[in-house]
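Asks: Input: one structure, supplied below.
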Amino acid sequence: MTRSDTGSAPCPGGFGLYVHWPFCQSKCPYCDFNSHVRATIDEGRWRAALLAELEHFANKTPGRRLDTLFFGGGTPSLMAPATVAAVIDAAARHWTMAGDVEITLEANPGSVDAGRFTGYRAAGINRLSLGVQSLDDAALRFLGRRHDAAEALGAIALTQATFPRLSFDLIYALPGQTCLDWRRELTQALKLAGEHLSLYQLTIESETAFGAAFRRGELVPMGEDAAAELFELTQELTETAGLPAYEISNHARPGAESRHNLIYWRYGDYAGIGPGAHGRLTLDGVKTAFRQHRAPEAWLDAVETAGHATRTQTPVPAEECFTEMLMMGLRLGEGVALARLTAETDRSFTEIIDDAKIGALVAGGFLLPAQDRLVATAAGRQRLNAVLATLLGSSRPGLL
């Protein structure tokens, strides 16, 4: 029996498809995603290549039910609606679509127009994720965004009029931002949000323009204590508004969570197509990691030559699966089921993580008492790297 013959076995965490569109109109100074600016794009070639790589992964996973489809980037709202429709139609041919399949497309306010949005809705998009990033003009200029606050508000209104579901992103903990600043902005956002918000603290990534400015001493990030205060304010305001955190940076009304991202955090299966896309697929009972060529032109050439652009395909060892599932699951308010953790290895949970470590984290207020699930408290999720270091054996001084 070949590997593709057994790819139909379901994964407890669900099955999703991620489609990466790597192009943007400009590169934001904080962004370390695989995004690129090109003067011209042959979208016909790109459409054909995406469809070819989709078919390649469909052949590895026959008979699977597709729960979610996510167009990310880059700026997927620069894609023609016909390209989006072609990918959705191909996915429906190759897999069985769940009756309530969630199909999300990321968009930037600066690339919004009513005709394009109508085309995306007709293609099958039923959830839009809007990269607002701020509702303050000065903050938007600092973040290198091409839109202003008025355009962001217009895009939110257009999205709400066009799509059944909306999420938008904001970045906070900017240098010099005060609690009063953030309270005003988040209060406004919560009135607009509806069902879902993604709220990210600014992080300085080394391979970005902000990273270079930081090394030159031209950018001073917000201190940890001030950022923690803003994080706590965020939890308070979102909880009061009925959008509690279901993941460290994501807030939703109950039932409105991003089901695609939940597949990642619940350690489900997902295929990733497009430049630099990652995937995790259970094949022959083994979780297998895929990584596609990152450079757009290299990816395109590889797909046109071989039908796919997989750079690496690596079985994930059982204990690495355990670690990945723990790292992802503890990001969630629901935590991670002990039964799924132990199913990934030949040993019981307590053989890998002893009770003393869990007891110390519970006593410190970072974990809830373990029953059938391991769940981090709000304080534990705020300090998740330190919690994981303690659980996995390299405890960070000063946590407990």
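Each chain of the structure tokens is named A, B, ... in the order shown, its residues numbered from 1; ligands are numbered from 1 in display order.
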Residues of segment 137-299 of chain A classed as helix (DSSP H, G or I) by DSSP on the backbone are to be reported as number ranges by chain.
Replies: A: 137-142, 149-162, 179-193, 209-215, 224-240, 259-265, 296-299
Asks: Please extract the residues of segment 130-370 of chain A with a backbone DSSP assignment of strand (DSSP E) and present them as an mmCIF file with N, CA and C atoms, in the first residue's frame.
Replies:
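And here's out_33.cif as it stands now:
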data_model
loop_
_atom_site.group_PDB
_atom_site.id
_atom_site.type_symbol
_atom_site.label_atom_id
_atom_site.label_comp_id
_atom_site.auth_asym_id
_atom_site.auth_seq_id
_atom_site.Cartn_x
_atom_site.Cartn_y
_atom_site.Cartn_z
ATOM 1 N N LEU A 130 -8.983 41.160 8.188
ATOM 2 C CA LEU A 130 -8.558 42.473 7.698
ATOM 3 C C LEU A 130 -7.360 42.972 8.518
ATOM 4 N N GLY A 131 -6.278 43.320 7.821
ATOM 5 C CA GLY A 131 -5.061 43.781 8.482
ATOM 6 C C GLY A 131 -5.111 45.264 8.803
ATOM 7 N N VAL A 132 -5.943 45.647 9.741
ATOM 8 C CA VAL A 132 -6.102 47.057 10.108
ATOM 9 C C VAL A 132 -4.846 47.575 10.805
ATOM 10 N N GLN A 133 -4.362 46.859 11.813
ATOM 11 C CA GLN A 133 -3.150 47.116 12.602
ATOM 12 C C GLN A 133 -3.251 48.301 13.550
ATOM 13 N N ARG A 165 -18.642 36.780 8.056
ATOM 14 C CA ARG A 165 -17.776 36.812 9.230
ATOM 15 C C ARG A 165 -16.586 37.733 8.973
ATOM 16 N N LEU A 166 -16.191 38.470 10.022
ATOM 17 C CA LEU A 166 -15.077 39.415 9.941
ATOM 18 C C LEU A 166 -14.179 39.251 11.142
ATOM 19 N N SER A 167 -12.870 39.300 10.901
ATOM 20 C CA SER A 167 -11.895 39.495 11.962
ATOM 21 C C SER A 167 -10.970 40.608 11.504
ATOM 22 N N PHE A 168 -10.466 41.397 12.460
ATOM 23 C CA PHE A 168 -9.391 42.302 12.065
ATOM 24 C C PHE A 168 -8.303 42.318 13.124
ATOM 25 N N ASP A 169 -7.097 42.689 12.675
ATOM 26 C CA ASP A 169 -5.898 42.671 13.509
ATOM 27 C C ASP A 169 -5.563 44.070 13.989
ATOM 28 N N LEU A 170 -5.031 44.146 15.206
ATOM 29 C CA LEU A 170 -4.418 45.367 15.707
ATOM 30 C C LEU A 170 -3.076 45.008 16.325
ATOM 31 N N ILE A 171 -2.130 45.936 16.251
ATOM 32 C CA ILE A 171 -0.825 45.795 16.898
ATOM 33 C C ILE A 171 -0.745 46.837 18.003
ATOM 34 N N TYR A 172 -0.341 46.391 19.193
ATOM 35 C CA TYR A 172 -0.226 47.340 20.310
ATOM 36 C C TYR A 172 1.124 47.157 20.992
ATOM 37 N N HIS A 196 -14.732 38.761 16.297
ATOM 38 C CA HIS A 196 -13.354 38.273 16.432
ATOM 39 C C HIS A 196 -12.358 39.411 16.279
ATOM 40 N N LEU A 197 -11.339 39.410 17.141
ATOM 41 C CA LEU A 197 -10.216 40.335 17.049
ATOM 42 C C LEU A 197 -8.923 39.579 17.285
ATOM 43 N N SER A 198 -7.890 39.916 16.520
ATOM 44 C CA SER A 198 -6.532 39.429 16.778
ATOM 45 C C SER A 198 -5.707 40.618 17.244
ATOM 46 N N LEU A 199 -5.129 40.526 18.438
ATOM 47 C CA LEU A 199 -4.447 41.650 19.082
ATOM 48 C C LEU A 199 -3.032 41.228 19.423
ATOM 49 N N TYR A 200 -2.062 41.754 18.687
ATOM 50 C CA TYR A 200 -0.667 41.319 18.794
ATOM 51 C C TYR A 200 0.202 42.422 19.386
ATOM 52 N N GLN A 201 1.030 42.060 20.351
ATOM 53 C CA GLN A 201 2.034 43.011 20.810
ATOM 54 C C GLN A 201 3.141 43.104 19.763
ATOM 55 N N ALA A 245 -10.221 35.936 25.474
ATOM 56 C CA ALA A 245 -9.105 35.313 24.761
ATOM 57 C C ALA A 245 -9.318 33.803 24.719
ATOM 58 N N TYR A 246 -9.353 33.240 23.518
ATOM 59 C CA TYR A 246 -9.355 31.780 23.406
ATOM 60 C C TYR A 246 -7.958 31.272 23.062
ATOM 61 N N GLU A 247 -7.068 32.217 22.712
ATOM 62 C CA GLU A 247 -5.653 31.948 22.441
ATOM 63 C C GLU A 247 -4.912 33.200 22.875
ATOM 64 N N ASN A 250 -5.702 36.023 20.432
ATOM 65 C CA ASN A 250 -6.943 35.979 19.660
ATOM 66 C C ASN A 250 -8.156 35.930 20.577
ATOM 67 N N HIS A 251 -9.157 36.737 20.207
ATOM 68 C CA HIS A 251 -10.329 36.955 21.049
ATOM 69 C C HIS A 251 -11.579 36.779 20.207
ATOM 70 N N ALA A 252 -12.572 36.090 20.749
ATOM 71 C CA ALA A 252 -13.780 35.847 19.969
ATOM 72 C C ALA A 252 -14.976 35.614 20.874
ATOM 73 N N ASP A 269 -4.125 18.323 11.085
ATOM 74 C CA ASP A 269 -3.400 18.201 9.827
ATOM 75 C C ASP A 269 -3.716 19.389 8.930
ATOM 76 N N TYR A 270 -2.726 19.837 8.195
ATOM 77 C CA TYR A 270 -2.972 20.884 7.201
ATOM 78 C C TYR A 270 -1.941 20.776 6.103
ATOM 79 N N ALA A 271 -2.393 21.013 4.881
ATOM 80 C CA ALA A 271 -1.503 21.104 3.724
ATOM 81 C C ALA A 271 -1.224 22.578 3.475
ATOM 82 N N GLY A 272 0.011 22.889 3.107
ATOM 83 C CA GLY A 272 0.380 24.262 2.795
ATOM 84 C C GLY A 272 0.915 24.350 1.383
ATOM 85 N N ILE A 273 0.308 25.219 0.560
ATOM 86 C CA ILE A 273 0.787 25.397 -0.807
ATOM 87 C C ILE A 273 1.173 26.856 -1.011
ATOM 88 N N HIS A 278 4.189 25.926 4.993
ATOM 89 C CA HIS A 278 4.489 24.749 5.800
ATOM 90 C C HIS A 278 3.253 23.863 5.830
ATOM 91 N N GLY A 279 3.454 22.597 6.107
ATOM 92 C CA GLY A 279 2.339 21.682 6.291
ATOM 93 C C GLY A 279 2.680 20.628 7.325
ATOM 94 N N ARG A 280 1.643 20.046 7.916
ATOM 95 C CA ARG A 280 1.773 18.901 8.818
ATOM 96 C C ARG A 280 0.674 17.926 8.419
ATOM 97 N N LEU A 281 1.076 16.758 7.887
ATOM 98 C CA LEU A 281 0.123 15.757 7.435
ATOM 99 C C LEU A 281 0.440 14.417 8.079
ATOM 100 N N THR A 282 -0.591 13.718 8.518
ATOM 101 C CA THR A 282 -0.431 12.377 9.051
ATOM 102 C C THR A 282 -0.506 11.400 7.889
ATOM 103 N N LEU A 283 0.610 10.756 7.579
ATOM 104 C CA LEU A 283 0.714 9.833 6.453
ATOM 105 C C LEU A 283 1.244 8.498 6.974
ATOM 106 N N VAL A 286 2.109 8.491 10.527
ATOM 107 C CA VAL A 286 3.242 9.297 10.993
ATOM 108 C C VAL A 286 3.011 10.757 10.642
ATOM 109 N N LYS A 287 3.140 11.633 11.638
ATOM 110 C CA LYS A 287 3.051 13.069 11.370
ATOM 111 C C LYS A 287 4.283 13.480 10.563
ATOM 112 N N THR A 288 4.040 14.138 9.437
ATOM 113 C CA THR A 288 5.114 14.489 8.511
ATOM 114 C C THR A 288 5.088 15.987 8.256
ATOM 115 N N ALA A 289 6.258 16.605 8.365
ATOM 116 C CA ALA A 289 6.381 18.054 8.183
ATOM 117 C C ALA A 289 6.818 18.354 6.757
ATOM 118 N N PHE A 290 6.150 19.304 6.118
ATOM 119 C CA PHE A 290 6.479 19.742 4.764
ATOM 120 C C PHE A 290 6.851 21.217 4.797
ATOM 121 N N ARG A 291 7.816 21.579 3.975
ATOM 122 C CA ARG A 291 8.182 22.978 3.798
ATOM 123 C C ARG A 291 8.414 23.214 2.314
ATOM 124 N N GLN A 292 7.759 24.227 1.766
ATOM 125 C CA GLN A 292 7.888 24.539 0.340
ATOM 126 C C GLN A 292 9.018 25.550 0.125
ATOM 127 N N THR A 310 8.105 21.146 -2.897
ATOM 128 C CA THR A 310 8.485 20.728 -1.547
ATOM 129 C C THR A 310 9.994 20.732 -1.414
ATOM 130 N N ARG A 311 10.473 21.524 -0.468
ATOM 131 C CA ARG A 311 11.916 21.585 -0.211
ATOM 132 C C ARG A 311 12.339 20.513 0.773
ATOM 133 N N THR A 312 11.531 20.297 1.822
ATOM 134 C CA THR A 312 11.816 19.228 2.779
ATOM 135 C C THR A 312 10.519 18.518 3.132
ATOM 136 N N GLN A 313 10.626 17.216 3.347
ATOM 137 C CA GLN A 313 9.516 16.367 3.790
ATOM 138 C C GLN A 313 10.101 15.445 4.849
ATOM 139 N N THR A 314 9.738 15.690 6.117
ATOM 140 C CA THR A 314 10.437 15.046 7.222
ATOM 141 C C THR A 314 9.458 14.444 8.214
ATOM 142 N N PRO A 315 9.572 13.133 8.490
ATOM 143 C CA PRO A 315 8.754 12.555 9.564
ATOM 144 C C PRO A 315 9.111 13.217 10.894
ATOM 145 N N VAL A 336 -4.702 21.535 26.416
ATOM 146 C CA VAL A 336 -4.469 20.369 25.570
ATOM 147 C C VAL A 336 -4.842 19.113 26.348
ATOM 148 N N ALA A 337 -5.513 18.179 25.683
ATOM 149 C CA ALA A 337 -5.951 16.944 26.324
ATOM 150 C C ALA A 337 -4.756 16.035 26.589
#
Asks: Using only C-alpha atoms, which of A:Glu320, A:Pro275, A:Pro81, A:Glu207 sits nearest Asp301 of chain A?
Replies: A:Pro275
Asks: Please determine, counting only C-alpha atoms, which residue among A:Glu205, A:Glu195, A:Asp284, A:Glu43 has the shortest atom-to-atom distance to Gly242 of chain A.
Replies: A:Glu195
Asks: Identify, on the basis of only C-alpha atoms, every residue whose closest approach to Cys179 of chain A does not exceed 10 Å; exclude the query and any residue fewer than 2 positions from it along the same chain; express the result as a ChimeraX atom specification.
Replies: /A:173,176-177,181-185,226-227,229-231,233-234
Asks: What is the atom CA of Lys357 of chain A-atom CA of Ile248 of chain A distance in Å, reported with one decimal?
Replies: 22.1 Å
